[in-house]
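Printed here is query.txt (compact mmCIF, N, CA and C atoms):
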```txt
# COMPACT_ATOMS: atom_id res chain seq x y z
N MET I 791 72.62 198.84 198.79
CA MET I 791 72.57 198.40 197.40
C MET I 791 72.81 199.61 196.50
N ALA I 792 73.92 199.57 195.79
CA ALA I 792 74.25 200.73 194.97
C ALA I 792 74.49 200.33 193.53
N GLY I 793 75.75 200.50 193.06
CA GLY I 793 76.09 200.31 191.65
C GLY I 793 75.72 198.96 191.07
N GLY I 794 76.06 197.88 191.79
CA GLY I 794 75.75 196.55 191.29
C GLY I 794 74.26 196.32 191.17
N ALA I 795 73.52 196.84 192.13
CA ALA I 795 72.06 196.70 192.10
C ALA I 795 71.48 197.49 190.93
N ARG I 796 72.00 198.66 190.69
CA ARG I 796 71.50 199.49 189.59
C ARG I 796 71.75 198.81 188.24
N ARG I 797 72.95 198.23 188.09
CA ARG I 797 73.27 197.51 186.85
C ARG I 797 72.33 196.32 186.64
N LEU I 798 72.11 195.57 187.72
CA LEU I 798 71.23 194.40 187.65
C LEU I 798 69.81 194.83 187.31
N TYR I 799 69.35 195.88 187.94
CA TYR I 799 68.00 196.42 187.70
C TYR I 799 67.84 196.77 186.21
N ARG I 800 68.81 197.48 185.65
CA ARG I 800 68.74 197.85 184.24
C ARG I 800 68.79 196.62 183.33
N ARG I 801 69.63 195.65 183.71
CA ARG I 801 69.73 194.42 182.91
C ARG I 801 68.39 193.69 182.86
N ILE I 802 67.72 193.59 184.00
CA ILE I 802 66.44 192.90 184.05
C ILE I 802 65.41 193.62 183.20
N LEU I 803 65.33 194.94 183.32
CA LEU I 803 64.38 195.69 182.51
C LEU I 803 64.69 195.54 181.02
N GLN I 804 65.97 195.47 180.68
CA GLN I 804 66.36 195.26 179.29
C GLN I 804 65.93 193.87 178.81
N LEU I 805 66.12 192.86 179.64
CA LEU I 805 65.67 191.51 179.28
C LEU I 805 64.16 191.47 179.07
N HIS I 806 63.44 192.19 179.91
CA HIS I 806 61.98 192.20 179.80
C HIS I 806 61.50 192.76 178.46
N ARG I 807 62.31 193.56 177.80
CA ARG I 807 61.90 194.12 176.50
C ARG I 807 61.62 193.03 175.47
N ALA I 808 62.24 191.87 175.66
CA ALA I 808 62.05 190.76 174.71
C ALA I 808 60.83 189.90 175.05
N LEU I 809 60.20 190.16 176.19
CA LEU I 809 59.02 189.38 176.60
C LEU I 809 57.78 189.90 175.89
N PRO I 810 56.73 189.08 175.82
CA PRO I 810 55.46 189.58 175.29
C PRO I 810 55.03 190.82 176.10
N PRO I 811 54.38 191.79 175.45
CA PRO I 811 54.06 193.06 176.11
C PRO I 811 53.38 192.95 177.47
N ALA I 812 52.41 192.08 177.60
CA ALA I 812 51.70 191.96 178.88
C ALA I 812 52.62 191.43 179.98
N LEU I 813 53.46 190.45 179.64
CA LEU I 813 54.42 189.93 180.61
C LEU I 813 55.46 190.98 180.96
N ARG I 814 55.88 191.72 179.96
CA ARG I 814 56.85 192.78 180.19
C ARG I 814 56.31 193.79 181.19
N ASP I 815 55.09 194.22 180.99
CA ASP I 815 54.47 195.20 181.88
C ASP I 815 54.39 194.66 183.31
N LEU I 816 53.91 193.44 183.45
CA LEU I 816 53.79 192.83 184.77
C LEU I 816 55.17 192.68 185.42
N GLY I 817 56.13 192.18 184.67
CA GLY I 817 57.48 192.00 185.19
C GLY I 817 58.14 193.30 185.57
N ASP I 818 58.01 194.31 184.73
CA ASP I 818 58.61 195.61 185.03
C ASP I 818 58.05 196.21 186.31
N ARG I 819 56.73 196.14 186.44
CA ARG I 819 56.11 196.69 187.67
C ARG I 819 56.62 195.96 188.91
N TYR I 820 56.70 194.64 188.83
CA TYR I 820 57.14 193.85 189.98
C TYR I 820 58.60 194.15 190.33
N VAL I 821 59.46 194.20 189.33
CA VAL I 821 60.88 194.48 189.56
C VAL I 821 61.04 195.86 190.19
N LYS I 822 60.35 196.84 189.66
CA LYS I 822 60.46 198.21 190.20
C LYS I 822 60.02 198.25 191.65
N GLU I 823 58.91 197.60 191.97
CA GLU I 823 58.43 197.58 193.35
C GLU I 823 59.42 196.88 194.28
N GLU I 824 59.95 195.75 193.85
CA GLU I 824 60.87 194.98 194.69
C GLU I 824 62.18 195.72 194.93
N PHE I 825 62.73 196.30 193.89
CA PHE I 825 63.99 197.04 194.08
C PHE I 825 63.76 198.28 194.94
N ARG I 826 62.64 198.93 194.78
CA ARG I 826 62.32 200.09 195.62
C ARG I 826 62.16 199.64 197.07
N ARG I 827 61.50 198.52 197.28
CA ARG I 827 61.25 198.00 198.62
C ARG I 827 62.55 197.60 199.33
N HIS I 828 63.53 197.18 198.57
CA HIS I 828 64.78 196.68 199.17
C HIS I 828 65.91 197.70 199.15
N ARG I 829 65.61 198.95 198.86
CA ARG I 829 66.62 200.00 198.83
C ARG I 829 67.38 200.12 200.16
N VAL I 830 66.68 199.92 201.25
CA VAL I 830 67.27 200.11 202.58
C VAL I 830 67.51 198.78 203.30
N ALA I 831 67.62 197.72 202.55
CA ALA I 831 67.84 196.39 203.15
C ALA I 831 69.22 196.33 203.80
N GLY I 832 69.31 195.53 204.84
CA GLY I 832 70.60 195.29 205.48
C GLY I 832 71.52 194.50 204.56
N PRO I 833 72.81 194.44 204.87
CA PRO I 833 73.78 193.79 203.99
C PRO I 833 73.45 192.33 203.66
N ALA I 834 73.07 191.54 204.65
CA ALA I 834 72.79 190.13 204.39
C ALA I 834 71.55 189.97 203.51
N GLU I 835 70.51 190.72 203.81
CA GLU I 835 69.29 190.64 203.02
C GLU I 835 69.53 191.17 201.61
N ALA I 836 70.30 192.25 201.49
CA ALA I 836 70.60 192.81 200.17
C ALA I 836 71.37 191.82 199.32
N GLN I 837 72.31 191.12 199.93
CA GLN I 837 73.11 190.14 199.19
C GLN I 837 72.23 189.00 198.68
N ARG I 838 71.35 188.52 199.53
CA ARG I 838 70.44 187.43 199.12
C ARG I 838 69.48 187.92 198.04
N PHE I 839 68.96 189.12 198.22
CA PHE I 839 68.05 189.73 197.25
C PHE I 839 68.71 189.81 195.87
N LEU I 840 69.92 190.34 195.84
CA LEU I 840 70.63 190.49 194.57
C LEU I 840 70.97 189.15 193.95
N ARG I 841 71.35 188.18 194.77
CA ARG I 841 71.66 186.84 194.25
C ARG I 841 70.42 186.23 193.57
N GLU I 842 69.27 186.36 194.21
CA GLU I 842 68.04 185.79 193.63
C GLU I 842 67.68 186.49 192.32
N TRP I 843 67.84 187.81 192.26
CA TRP I 843 67.53 188.53 191.03
C TRP I 843 68.57 188.24 189.95
N GLU I 844 69.82 187.99 190.31
CA GLU I 844 70.82 187.58 189.33
C GLU I 844 70.44 186.22 188.74
N ASN I 845 69.99 185.31 189.60
CA ASN I 845 69.53 184.00 189.12
C ASN I 845 68.36 184.16 188.16
N TYR I 846 67.44 185.04 188.51
CA TYR I 846 66.28 185.32 187.66
C TYR I 846 66.74 185.84 186.29
N ALA I 847 67.65 186.81 186.30
CA ALA I 847 68.13 187.39 185.04
C ALA I 847 68.79 186.33 184.17
N GLU I 848 69.59 185.47 184.77
CA GLU I 848 70.24 184.39 184.02
C GLU I 848 69.21 183.44 183.43
N LEU I 849 68.19 183.10 184.22
CA LEU I 849 67.15 182.19 183.74
C LEU I 849 66.38 182.80 182.57
N ILE I 850 65.97 184.06 182.71
CA ILE I 850 65.22 184.71 181.63
C ILE I 850 66.09 184.83 180.38
N GLN I 851 67.36 185.17 180.55
CA GLN I 851 68.28 185.25 179.41
C GLN I 851 68.36 183.90 178.69
N GLN I 852 68.50 182.83 179.45
CA GLN I 852 68.56 181.48 178.88
C GLN I 852 67.26 181.14 178.14
N GLN I 853 66.13 181.43 178.76
CA GLN I 853 64.85 181.10 178.14
C GLN I 853 64.61 181.93 176.88
N LEU I 854 65.01 183.18 176.89
CA LEU I 854 64.88 184.01 175.69
C LEU I 854 65.77 183.48 174.56
N ASN I 855 66.99 183.06 174.91
CA ASN I 855 67.89 182.49 173.90
C ASN I 855 67.31 181.21 173.32
N GLU I 856 66.73 180.37 174.16
CA GLU I 856 66.12 179.13 173.67
C GLU I 856 64.95 179.43 172.75
N ASP I 857 64.17 180.46 173.09
CA ASP I 857 63.05 180.83 172.23
C ASP I 857 63.54 181.34 170.87
N LYS I 858 64.61 182.12 170.88
CA LYS I 858 65.16 182.63 169.61
C LYS I 858 65.63 181.49 168.72
N GLN I 859 66.15 180.45 169.33
CA GLN I 859 66.65 179.31 168.58
C GLN I 859 65.57 178.25 168.35
N ASN I 860 64.35 178.56 168.78
CA ASN I 860 63.22 177.64 168.65
C ASN I 860 63.50 176.28 169.27
N LEU I 861 64.14 176.28 170.42
CA LEU I 861 64.45 175.03 171.10
C LEU I 861 63.29 174.53 171.96
N ARG I 862 62.29 175.38 172.15
CA ARG I 862 61.14 174.97 172.96
C ARG I 862 59.88 175.09 172.13
N GLU I 863 58.94 174.16 172.36
CA GLU I 863 57.69 174.18 171.61
C GLU I 863 56.86 175.41 171.95
N LYS I 864 56.81 175.75 173.22
CA LYS I 864 55.96 176.84 173.68
C LYS I 864 56.79 177.77 174.57
N ALA I 865 56.63 179.06 174.38
CA ALA I 865 57.36 180.03 175.19
C ALA I 865 56.80 180.06 176.60
N VAL I 866 57.60 179.65 177.56
CA VAL I 866 57.23 179.68 178.97
C VAL I 866 58.39 180.34 179.69
N TYR I 867 58.08 181.29 180.55
CA TYR I 867 59.13 182.03 181.24
C TYR I 867 59.02 181.81 182.74
N GLY I 868 60.18 181.75 183.39
CA GLY I 868 60.24 181.55 184.84
C GLY I 868 60.34 180.07 185.18
N ILE I 869 60.18 179.77 186.46
CA ILE I 869 60.25 178.39 186.94
C ILE I 869 59.20 178.17 188.02
N GLN I 870 58.93 176.92 188.27
CA GLN I 870 58.05 176.53 189.37
C GLN I 870 58.87 176.60 190.65
N LEU I 871 58.36 177.28 191.67
CA LEU I 871 59.07 177.36 192.94
C LEU I 871 58.94 176.05 193.71
N THR I 872 60.03 175.62 194.29
CA THR I 872 60.01 174.39 195.08
C THR I 872 59.40 174.67 196.45
N GLU I 873 58.93 173.61 197.08
CA GLU I 873 58.37 173.74 198.43
C GLU I 873 59.44 174.26 199.40
N GLU I 874 60.66 173.80 199.21
CA GLU I 874 61.78 174.24 200.07
C GLU I 874 61.98 175.75 199.96
N LYS I 875 61.94 176.26 198.75
CA LYS I 875 62.11 177.70 198.54
C LYS I 875 60.93 178.47 199.14
N LEU I 876 59.73 177.97 198.95
CA LEU I 876 58.55 178.62 199.51
C LEU I 876 58.60 178.66 201.04
N ASN I 877 59.15 177.62 201.65
CA ASN I 877 59.25 177.57 203.11
C ASN I 877 60.22 178.63 203.65
N ASP I 878 61.13 179.09 202.81
CA ASP I 878 62.09 180.13 203.22
C ASP I 878 61.47 181.53 203.19
N PHE I 879 60.33 181.68 202.57
CA PHE I 879 59.71 183.00 202.43
C PHE I 879 59.07 183.45 203.74
N ARG I 880 59.13 184.76 203.97
CA ARG I 880 58.42 185.36 205.09
C ARG I 880 56.95 185.54 204.69
N ASP I 881 56.08 185.76 205.67
CA ASP I 881 54.65 185.94 205.39
C ASP I 881 54.43 187.08 204.39
N GLU I 882 55.17 188.16 204.54
CA GLU I 882 55.04 189.29 203.62
C GLU I 882 55.37 188.87 202.19
N GLN I 883 56.40 188.05 202.05
CA GLN I 883 56.79 187.60 200.72
C GLN I 883 55.75 186.66 200.12
N ILE I 884 55.16 185.83 200.95
CA ILE I 884 54.09 184.93 200.48
C ILE I 884 52.91 185.78 199.97
N GLY I 885 52.58 186.83 200.69
CA GLY I 885 51.51 187.73 200.25
C GLY I 885 51.83 188.38 198.91
N GLN I 886 53.06 188.82 198.74
CA GLN I 886 53.48 189.42 197.47
C GLN I 886 53.44 188.40 196.34
N LEU I 887 53.86 187.21 196.65
CA LEU I 887 53.84 186.14 195.66
C LEU I 887 52.41 185.82 195.24
N LYS I 888 51.50 185.81 196.18
CA LYS I 888 50.08 185.56 195.89
C LYS I 888 49.54 186.66 194.97
N GLU I 889 49.88 187.92 195.27
CA GLU I 889 49.43 189.02 194.42
C GLU I 889 49.98 188.87 193.00
N LEU I 890 51.25 188.51 192.91
CA LEU I 890 51.86 188.32 191.60
C LEU I 890 51.19 187.17 190.85
N MET I 891 50.92 186.09 191.55
CA MET I 891 50.26 184.94 190.93
C MET I 891 48.86 185.33 190.44
N ASP I 892 48.12 186.10 191.24
CA ASP I 892 46.80 186.55 190.83
C ASP I 892 46.88 187.40 189.56
N GLU I 893 47.84 188.31 189.51
CA GLU I 893 48.02 189.16 188.33
C GLU I 893 48.39 188.32 187.11
N ALA I 894 49.30 187.38 187.30
CA ALA I 894 49.73 186.52 186.19
C ALA I 894 48.57 185.65 185.70
N THR I 895 47.74 185.17 186.62
CA THR I 895 46.59 184.35 186.24
C THR I 895 45.60 185.18 185.43
N LYS I 896 45.33 186.40 185.87
CA LYS I 896 44.44 187.29 185.12
C LYS I 896 45.01 187.55 183.74
N LEU I 897 46.31 187.78 183.67
CA LEU I 897 46.98 188.03 182.41
C LEU I 897 46.86 186.82 181.49
N HIS I 898 47.09 185.64 182.02
CA HIS I 898 47.01 184.40 181.24
C HIS I 898 45.61 184.22 180.67
N LYS I 899 44.59 184.45 181.50
CA LYS I 899 43.22 184.31 181.03
C LYS I 899 42.91 185.33 179.94
N LYS I 900 43.40 186.56 180.12
CA LYS I 900 43.17 187.62 179.14
C LYS I 900 43.82 187.28 177.80
N VAL I 901 45.06 186.79 177.85
CA VAL I 901 45.77 186.43 176.62
C VAL I 901 45.07 185.27 175.93
N ASN I 902 44.67 184.24 176.67
CA ASN I 902 43.99 183.10 176.07
C ASN I 902 42.64 183.49 175.48
N THR I 903 41.92 184.36 176.16
CA THR I 903 40.63 184.82 175.66
C THR I 903 40.80 185.57 174.36
N SER I 904 41.80 186.43 174.28
CA SER I 904 42.00 187.19 173.05
C SER I 904 42.46 186.27 171.91
N LYS I 905 43.24 185.25 172.22
CA LYS I 905 43.65 184.29 171.18
C LYS I 905 42.45 183.51 170.69
N ASP I 906 41.56 183.09 171.61
CA ASP I 906 40.36 182.35 171.23
C ASP I 906 39.49 183.19 170.30
N SER I 907 39.32 184.48 170.62
CA SER I 907 38.46 185.32 169.81
C SER I 907 39.06 185.56 168.41
N GLU I 908 40.39 185.51 168.29
CA GLU I 908 41.02 185.64 166.97
C GLU I 908 40.63 184.48 166.07
N TYR I 909 40.53 183.29 166.62
CA TYR I 909 40.22 182.11 165.83
C TYR I 909 38.74 182.03 165.45
N LYS I 910 37.89 182.70 166.21
CA LYS I 910 36.45 182.62 165.96
C LYS I 910 35.98 183.60 164.90
N THR I 911 36.81 184.58 164.56
CA THR I 911 36.36 185.57 163.59
C THR I 911 36.60 185.16 162.18
```

Now, as a test, write the supplied structure out as structure tokens.
Amino acid sequence: MAGGARRLYRRILQLHRALPPALRDLGDRYVKEEFRRHRVAGPAEAQRFLREWENYAELIQQQLNEDKQNLREKAVYGIQLTEEKLNDFRDEQIGQLKELMDEATKLHKKVNTSKDSEYKT
């Protein structure tokens, strides 16, 4: 993974700049870890890895554009993974996904708690 991966990596980090700060931080850390982890991936795995991250970048770009145009009531980023997609994951990937979900859940609770306290003052 060389030039194309580097361009994609930079594009994703650039897209993350438009996310809320807490999501940006979580997303940036995850992207950096994943790209670092896949530096030495074989050709087939690298191709699949890059394709999935390209899909992610396109999705985030679309969702950010919709938010700018106020086409959605509430800003929600990402998608729900299908059972079929989850079945394709290796055990290591499931573990990473669980860690990411735990972090996102903590983040969600933290954001909601701070919003609640704003209304009570």

#### Entry: Between CA of Glu842 in chain I and CA of Gly817 in chain I, distance in Å (one decimal)
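Interatomic distance, CA of Glu842 in chain I to CA of Gly817 in chain I: 14.9 Å.
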
### Message
To test your reading of the structure, identify every residue in chain I that backbone DSSP assigns to alpha helix (DSSP H), and report it as JSON, numbers by chain.
### Response
{"I": [793, 794, 795, 796, 797, 798, 799, 800, 801, 802, 803, 804, 805, 806, 811, 812, 813, 814, 815, 816, 817, 818, 819, 820, 821, 822, 823, 824, 825, 826, 827, 833, 834, 835, 836, 837, 838, 839, 840, 841, 842, 843, 844, 845, 846, 847, 848, 849, 850, 851, 852, 853, 854, 855, 856, 857, 858, 873, 874, 875, 876, 877, 881, 882, 883, 884, 885, 886, 887, 888, 889, 890, 891, 892, 893, 894, 895, 896, 897, 898, 899, 900, 901, 902, 903, 904, 905, 906, 907, 908, 909, 910]}

### Task
One decimal, Å: what's the distance from atom N of Gly868 in chain I over to CA of Ile850 in chain I, could you say?
6.1 Å

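The coordinates place CA of Glu824 in chain I at 13.1 Å from CA of Gly885 in chain I.
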
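Distance check against Ala808 in chain I using only N, CA and C atoms: of I:Tyr820, I:Leu890, I:Leu854, I:Glu848, the minimum falls on I:Leu854.
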